[in-house]
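K.L.:
Dumping the structure here so I can ask a few things about it.
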Number of protein chains: 2
Amino acid sequence: MTKTKTDKSVTALPLNTILDGDCIEAMNALPANSIDLIFADPPYNLQLRGDLHRPDNSRVDAVDDHWDQFDSFKVYDQFTRAWLKAARRLLKPDGALWVIGSYHNVFRMGAELQNQGYWILNDVVWRKSNPMPNFRGKRFTNAHETLIWASKSEGAKYTFNYEALKALNDGVQMRSDWVIPICNGGERLKDENGDKAHPTQKPEALLHRILVGTTNPGDVVLDPFFGTGTTGAVAKMLGRDFIGIEREESYRKVAEKRLSRIRKFDKSALEVTASKRAEPRVPFGQLVERGMLRPGEVLTSMNGKQAKVRADGTLIGDGIKGSIHQVGAHLEGAPSCNGWTYWCIRRDGKSVPIDIFRQQIRAEMNN
Amino acid sequence: MTKTKTDKSVTALPLNTILDGDCIEAMNALPANSIDLIFADPPYNLQLRGDLHRPDNSRVDAVDDHWDQFDSFKVYDQFTRAWLKAARRLLKPDGALWVIGSYHNVFRMGAELQNQGYWILNDVVWRKSNPMPNFRGKRFTNAHETLIWASKSEGAKYTFNYEALKALNDGVQMRSDWVIPICNGGERLKDENGDKAHPTQKPEALLHRILVGTTNPGDVVLDPFFGTGTTGAVAKMLGRDFIGIEREESYRKVAEKRLSRIRKFDKSALEVTASKRAEPRVPFGQLVERGMLRPGEVLTSMNGKQAKVRADGTLIGDGIKGSIHQVGAHLEGAPSCNGWTYWCIRRDGKSVPIDIFRQQIRAEMNN
DNA sequence: CCACTACATGAATCAGGGG
DNA sequence: TCCCCTGATTCATGTAGTG
């Protein structure tokens with residue numbers, strides 16, 4: 001069985017630790033197909049940040065070099081190609097990836113994602129409620145950053161906790177634009193001098209939404225640009241395992257301290273609103289077998305259509321025999337129909353959808 | 001002097017007309033360095049599979065037009081490279097370009113822009129106030145599109161009417177996220193059958209903001225994918241000259257008719273952007289995401305009822321899971337309940353209603 | 001003319017399991 | 001791998017129709 005093999009590799013993962021070193025080398029040292037979710041916040045700007053390395057791990061001395069624009073994009077693209085490739089190897093077939101960036105780098109990441117066969121599921125806009133204004137008045141206030149959510153390949157069965165996200169949004173479907181404040185106040189980590197410990201610390205609210213929405217408890221989340229460990233902190237709170245990779249010792253130290261203070265939330269608090277799709281399937285025939293419905297009884301739709309129950313759990317209506325769904329679809333001239341909510345029956349003088357019998361059976365199954 | 005030369009080419013421009021034909025050929029036939037602003041809404045290269053139905057079984061009218069079909073990313077990239085190159089030749093040295101796209105194509109456009117030496121000034125998010133929902137509940141609602149604003153090259157003196165934009169935005173600096181409804185109602189052009197004349201007509205409010213903000217009266221605005229002529233219509237209203245290129249005769253005809261009716265400085269166009277500020281809705285889930293409340297914390301009502309917070313912003317109390325309002329109503333045996341004032345939490349030794357957190361978030365949002 | 005209900009529709013990469 | 005069947009799933013607007 002593959003289970004043993006999977007268990008072995010999972011056991012081999014350095015769970016809930018921060019790995020030192022170059023993110024590409026560190027990723028290549030981990031087992032393939034072992035990660036459920038990757039969140040990556042790579043360096044944006046190779047001109048200003050000194051932490052960019054070529055794929056061969058030689059250091060790019062950005063300050064002294066005088067590349068023209070094209071050359072510097074070329075180097076950035078090589079870097080992007082290398083780490084996205086390493087990330088893709090690590091993902092389980094149904095795993096997914098989030099990246100975040102600004103207009104300086106996000107277009108290059110998005111194009112490379114598509115070139116490598118990742119399948120974009122959404123681009124998401126983090127709309128900052130308190131961005132820094134444009135002081136010189138020469139451009140629009142840079143009030144957002146862009147995230148890309150992608151599965152490993154087209155057709156993969158990625159995790160999406162639709163109902164939980166809808167609950168987070170007061171019962172309305174979650175949109176692709178998220179209003180979240182930038183990280184400051186008590187959440188913003190400071191170093192011993194009182195300066196910010198990391199220039200681009202991401203807010204925990206952002207990771208909370210990502211991890212609640214696109215992972216399950218017990219999943220393994222990798223962050224190859226760990227920084228001060230927001231991904232790890234939220235993963236730990238939410239009962240997910242994390243792996244961080246960070247080459248700067250000062251960031252690792254801050255992150256270690258931060259993580260040691262985090263406590264996991266109650267198990268019961270981590271359960272989120274489940275989708276109906278997760279419920280066990282109940283064949284309509286069971287309702288007949290159990291005597292909840294009798295062969296010969298007549299079902300009625302809200303708009304007055306009728307069909308008769310047969311002993312084998314099929315219906316006959318308008319001369320057509322078939323499942324509750326097929327007969328309903330036929331009567332409506334529709335491509336499909338959910339017979340459970342379409343058909344009603346009279347009970348105690350009231351017309352009730354047959355779905356209540358299914359709920360009754362499911363309730364018994366849970367006892 | 002170059003002035004004479006410039007005047008000659010400007011005179012030669014086919015101002016305020018719609019050119020027939022392929023956009024690249026048509027652009028190459030125009031004089032170099034002659035255009036102030038280009039607005040481009042190219043095909044998005046949507047890759048749709050089967051039909052999509054709404055939950056009520058009605059079919060979604062998808063963008064399946066022949067002009068949006070490309071065989072591969074490679075073919076799409078060649079197309080993008082060619083038209084962006086032709087566009088750049090046309091721009092005056094201080095001219096600028098706007099492109100709009102979705103995650104299907106915008107990353108490829110953005111990367112190619114940078115490769116060609118365009119200098120990105122902002123990416124701007126058009127947040128749709130009324131987008132189409134995600135009917136199957138498999139992804140986030142696709143609620144935005146992305147625009148990129150770029151000058152012809154780094155260091156160019158692009159046009160940016162800072163004060164005009166600030167005035168449009170109630171005296172506050174204009175941000176990079178714009179809330180504008182999709183184009184429907186009376187503005188949406190219909191054909192003789194009453195169907196939409198173009199599948200992707202852009203709202204005039206979007207072009208209004210772009211042209212007021214990044215052109216001056218008398219400037220020449222080119223739209224190489226003219227469609228039904230929103231760019232031309234708004235340009236004419238605002239006293240800018242336009243050149244449209246459109247190869248589909250049916251779109252050209254609709255655009256001609258539309259433009260003939262437009263009068264300069266149409267007052268109604270100016271009213272479109274007037275913003276109204278209502279009290280923003282704050283989902284309870286945001287309190288959890290932001291760490292104001294922790295999953296597992298216990299909320300208490302004034303009369304001693306209790307419930308526990310879950311990670312997705314729902315509560316569990318008395319075995320019932322649901323929103324703060326639903327659980328409150330259940331515990332009280334009432335038909336409804338305002339959870340914001342019903343539930344309290346202990347902070348600093350005192351019991352405070354959770355509504356104070358909502359007020360706090362609203363205060364941040366109004367800043 | 002107003003109030004109310006019903007219906008239509010928008011740039012969409014929109015399912016998953018069993019046989 | 002393919003086919004077949006079950007059955008889950010929507011928000012904001014604008015317009016038309018009814019009383």
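To be explicit about the labels: the chains of the structure tokens are called A, B, and onward in the order shown, and within each one the residues are counted from 1, while ligands get numbers from 1 in the order they are shown.
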Residues of chain A no more than 9 Å from chain D, counting only C-alpha atoms (C1' of nucleotides): send them over as a ChimeraX atom specification.
P.N.:
/A:172-173,276-277,281,325,336-340
K.L.:
Residual C-alpha RMSD for chain A onto chain B, least squares, all atoms in order?
P.N.:
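In short, the RMSD is 17.4 Å.
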K.L.:
Could you tell me which residues of chain C sit within 6 Å of chain B when counting only C-alpha atoms (C1' of nucleotides), and give me the result as a list in words?
P.N.:
DG10, DT13 and DC14 of chain C
K.L.:
Now that the selection is made, can you save its residues with N, CA, C and O atoms (P, O5', C5', C4', C3', O3' and C1' of nucleotides) as a PDB file, in the first residue's frame?
P.N.:
ATOM      1  P    DG C  10     -25.455  39.111 -19.346  1.00  0.00           P
ATOM      2  O5'  DG C  10     -24.096  39.772 -18.829  1.00  0.00           O
ATOM      3  C5'  DG C  10     -24.115  41.111 -18.336  1.00  0.00           C
ATOM      4  C4'  DG C  10     -23.132  41.244 -17.195  1.00  0.00           C
ATOM      5  C3'  DG C  10     -21.804  40.527 -17.381  1.00  0.00           C
ATOM      6  O3'  DG C  10     -20.776  41.342 -16.815  1.00  0.00           O
ATOM      7  C1'  DG C  10     -22.836  39.714 -15.427  1.00  0.00           C
ATOM      8  P    DT C  13     -13.026  32.482 -13.371  1.00  0.00           P
ATOM      9  O5'  DT C  13     -12.745  31.460 -14.553  1.00  0.00           O
ATOM     10  C5'  DT C  13     -12.713  30.076 -14.295  1.00  0.00           C
ATOM     11  C4'  DT C  13     -12.204  29.341 -15.483  1.00  0.00           C
ATOM     12  C3'  DT C  13     -12.003  27.850 -15.204  1.00  0.00           C
ATOM     13  O3'  DT C  13     -13.199  27.185 -15.509  1.00  0.00           O
ATOM     14  C1'  DT C  13     -10.239  28.816 -16.498  1.00  0.00           C
ATOM     15  P    DC C  14     -13.652  25.933 -14.819  1.00  0.00           P
ATOM     16  O5'  DC C  14     -14.089  26.390 -13.379  1.00  0.00           O
ATOM     17  C5'  DC C  14     -13.656  25.668 -12.198  1.00  0.00           C
ATOM     18  C4'  DC C  14     -14.868  25.225 -11.406  1.00  0.00           C
ATOM     19  C3'  DC C  14     -15.916  24.482 -12.226  1.00  0.00           C
ATOM     20  O3'  DC C  14     -16.467  23.454 -11.379  1.00  0.00           O
ATOM     21  C1'  DC C  14     -16.900  26.392 -11.255  1.00  0.00           C
TER      22       DC C  14
END
K.L.:
When DSSP is applied to the backbone of this structure, which of range 277-335 of chain B are assigned strand (DSSP E)? Write them out as a VMD selection string.
P.N.:
chain B and resid 298 to 301 306 to 309 315 to 317 320 to 322
K.L.:
With N, CA, C and O atoms retained, could you export that selection as a PDB file, in the first residue's frame?
P.N.:
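Everything below was put into again18.pdb:
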ATOM      1  N   VAL B 298     -14.787  32.218  25.321  1.00  0.00           N
ATOM      2  CA  VAL B 298     -16.196  32.061  25.655  1.00  0.00           C
ATOM      3  C   VAL B 298     -16.867  33.427  25.743  1.00  0.00           C
ATOM      4  O   VAL B 298     -16.400  34.319  26.450  1.00  0.00           O
ATOM      5  N   LEU B 299     -17.945  33.568  25.002  1.00  0.00           N
ATOM      6  CA  LEU B 299     -18.761  34.782  25.082  1.00  0.00           C
ATOM      7  C   LEU B 299     -19.893  34.543  26.075  1.00  0.00           C
ATOM      8  O   LEU B 299     -20.372  33.420  26.232  1.00  0.00           O
ATOM      9  N   THR B 300     -20.304  35.613  26.726  1.00  0.00           N
ATOM     10  CA  THR B 300     -21.356  35.509  27.731  1.00  0.00           C
ATOM     11  C   THR B 300     -22.415  36.566  27.449  1.00  0.00           C
ATOM     12  O   THR B 300     -22.101  37.686  27.053  1.00  0.00           O
ATOM     13  N   SER B 301     -23.661  36.186  27.670  1.00  0.00           N
ATOM     14  CA  SER B 301     -24.734  37.179  27.532  1.00  0.00           C
ATOM     15  C   SER B 301     -25.004  37.818  28.889  1.00  0.00           C
ATOM     16  O   SER B 301     -24.529  37.342  29.921  1.00  0.00           O
ATOM     17  N   GLN B 306     -23.905  31.173  27.554  1.00  0.00           N
ATOM     18  CA  GLN B 306     -22.532  31.117  27.084  1.00  0.00           C
ATOM     19  C   GLN B 306     -22.407  30.454  25.717  1.00  0.00           C
ATOM     20  O   GLN B 306     -23.231  29.620  25.344  1.00  0.00           O
ATOM     21  N   ALA B 307     -21.369  30.836  24.993  1.00  0.00           N
ATOM     22  CA  ALA B 307     -21.056  30.196  23.710  1.00  0.00           C
ATOM     23  C   ALA B 307     -19.573  30.361  23.437  1.00  0.00           C
ATOM     24  O   ALA B 307     -18.936  31.291  23.925  1.00  0.00           O
ATOM     25  N   LYS B 308     -19.049  29.427  22.657  1.00  0.00           N
ATOM     26  CA  LYS B 308     -17.620  29.434  22.370  1.00  0.00           C
ATOM     27  C   LYS B 308     -17.367  29.859  20.921  1.00  0.00           C
ATOM     28  O   LYS B 308     -18.088  29.468  20.008  1.00  0.00           O
ATOM     29  N   VAL B 309     -16.323  30.671  20.745  1.00  0.00           N
ATOM     30  CA  VAL B 309     -15.956  31.169  19.409  1.00  0.00           C
ATOM     31  C   VAL B 309     -15.193  30.088  18.639  1.00  0.00           C
ATOM     32  O   VAL B 309     -14.317  29.433  19.198  1.00  0.00           O
ATOM     33  N   LEU B 315     -20.240  30.502  16.246  1.00  0.00           N
ATOM     34  CA  LEU B 315     -20.254  30.163  17.670  1.00  0.00           C
ATOM     35  C   LEU B 315     -20.808  28.758  17.840  1.00  0.00           C
ATOM     36  O   LEU B 315     -21.526  28.251  16.983  1.00  0.00           O
ATOM     37  N   ILE B 316     -20.453  28.158  18.973  1.00  0.00           N
ATOM     38  CA  ILE B 316     -21.143  26.935  19.372  1.00  0.00           C
ATOM     39  C   ILE B 316     -21.602  27.116  20.806  1.00  0.00           C
ATOM     40  O   ILE B 316     -20.818  27.474  21.691  1.00  0.00           O
ATOM     41  N   GLY B 317     -22.922  26.941  20.998  1.00  0.00           N
ATOM     42  CA  GLY B 317     -23.484  27.098  22.335  1.00  0.00           C
ATOM     43  C   GLY B 317     -24.720  26.234  22.463  1.00  0.00           C
ATOM     44  O   GLY B 317     -25.518  26.171  21.525  1.00  0.00           O
ATOM     45  N   ILE B 320     -25.608  24.078  19.578  1.00  0.00           N
ATOM     46  CA  ILE B 320     -25.995  24.680  18.300  1.00  0.00           C
ATOM     47  C   ILE B 320     -24.832  25.482  17.736  1.00  0.00           C
ATOM     48  O   ILE B 320     -24.198  26.258  18.452  1.00  0.00           O
ATOM     49  N   LYS B 321     -24.574  25.269  16.453  1.00  0.00           N
ATOM     50  CA  LYS B 321     -23.534  26.039  15.772  1.00  0.00           C
ATOM     51  C   LYS B 321     -24.186  27.060  14.850  1.00  0.00           C
ATOM     52  O   LYS B 321     -25.183  26.767  14.201  1.00  0.00           O
ATOM     53  N   GLY B 322     -23.597  28.231  14.771  1.00  0.00           N
ATOM     54  CA  GLY B 322     -24.142  29.243  13.861  1.00  0.00           C
ATOM     55  C   GLY B 322     -23.539  30.603  14.120  1.00  0.00           C
ATOM     56  O   GLY B 322     -22.587  30.744  14.888  1.00  0.00           O
TER      57      GLY B 322
END
K.L.:
Within 7 Å of chain A, which residues of chain B show up when using only C-alpha atoms, listed as a VMD selection string?
P.N.:
chain B and resid 57 103 107 to 108 110 to 111 115 121 to 123 137 to 144 160 162 173 to 177 283 to 286 289 to 290 295 to 296 309 to 314 365
K.L.:
In Å, with one decimal, what is the gap from CA of Pro31 in chain A to CA of Lys253 in chain A?
P.N.:
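That distance, rounded to one decimal, is 25.8 Å.
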K.L.:
What's the separation between CA of Ala32 in chain B and CA of Arg247 in chain B, in Å to one decimal place?
P.N.:
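Between these atoms lies a distance of 21.6 Å.
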K.L.:
Can you work out the spacing between CA of Asp195 in chain B and C1' of DA11 in chain C in Å, to one decimal?
P.N.:
16.4 Å
K.L.:
Could you give me the residues within range 107-308 of chain B that DSSP places in helix (DSSP H, G or I), as a PyMOL selection string?
P.N.:
chain B and resi 107-116+162-168+185-187+204-214+230-237+249-261+267-271+285-289
K.L.:
Identify, on the basis of only C-alpha atoms (C1' of nucleotides), every residue whose closest approach to Trp98 in chain B does not exceed 9 Å; exclude the query and any residue fewer than 3 positions from it along the same chain; express the result as a count of residues only.
P.N.:
11
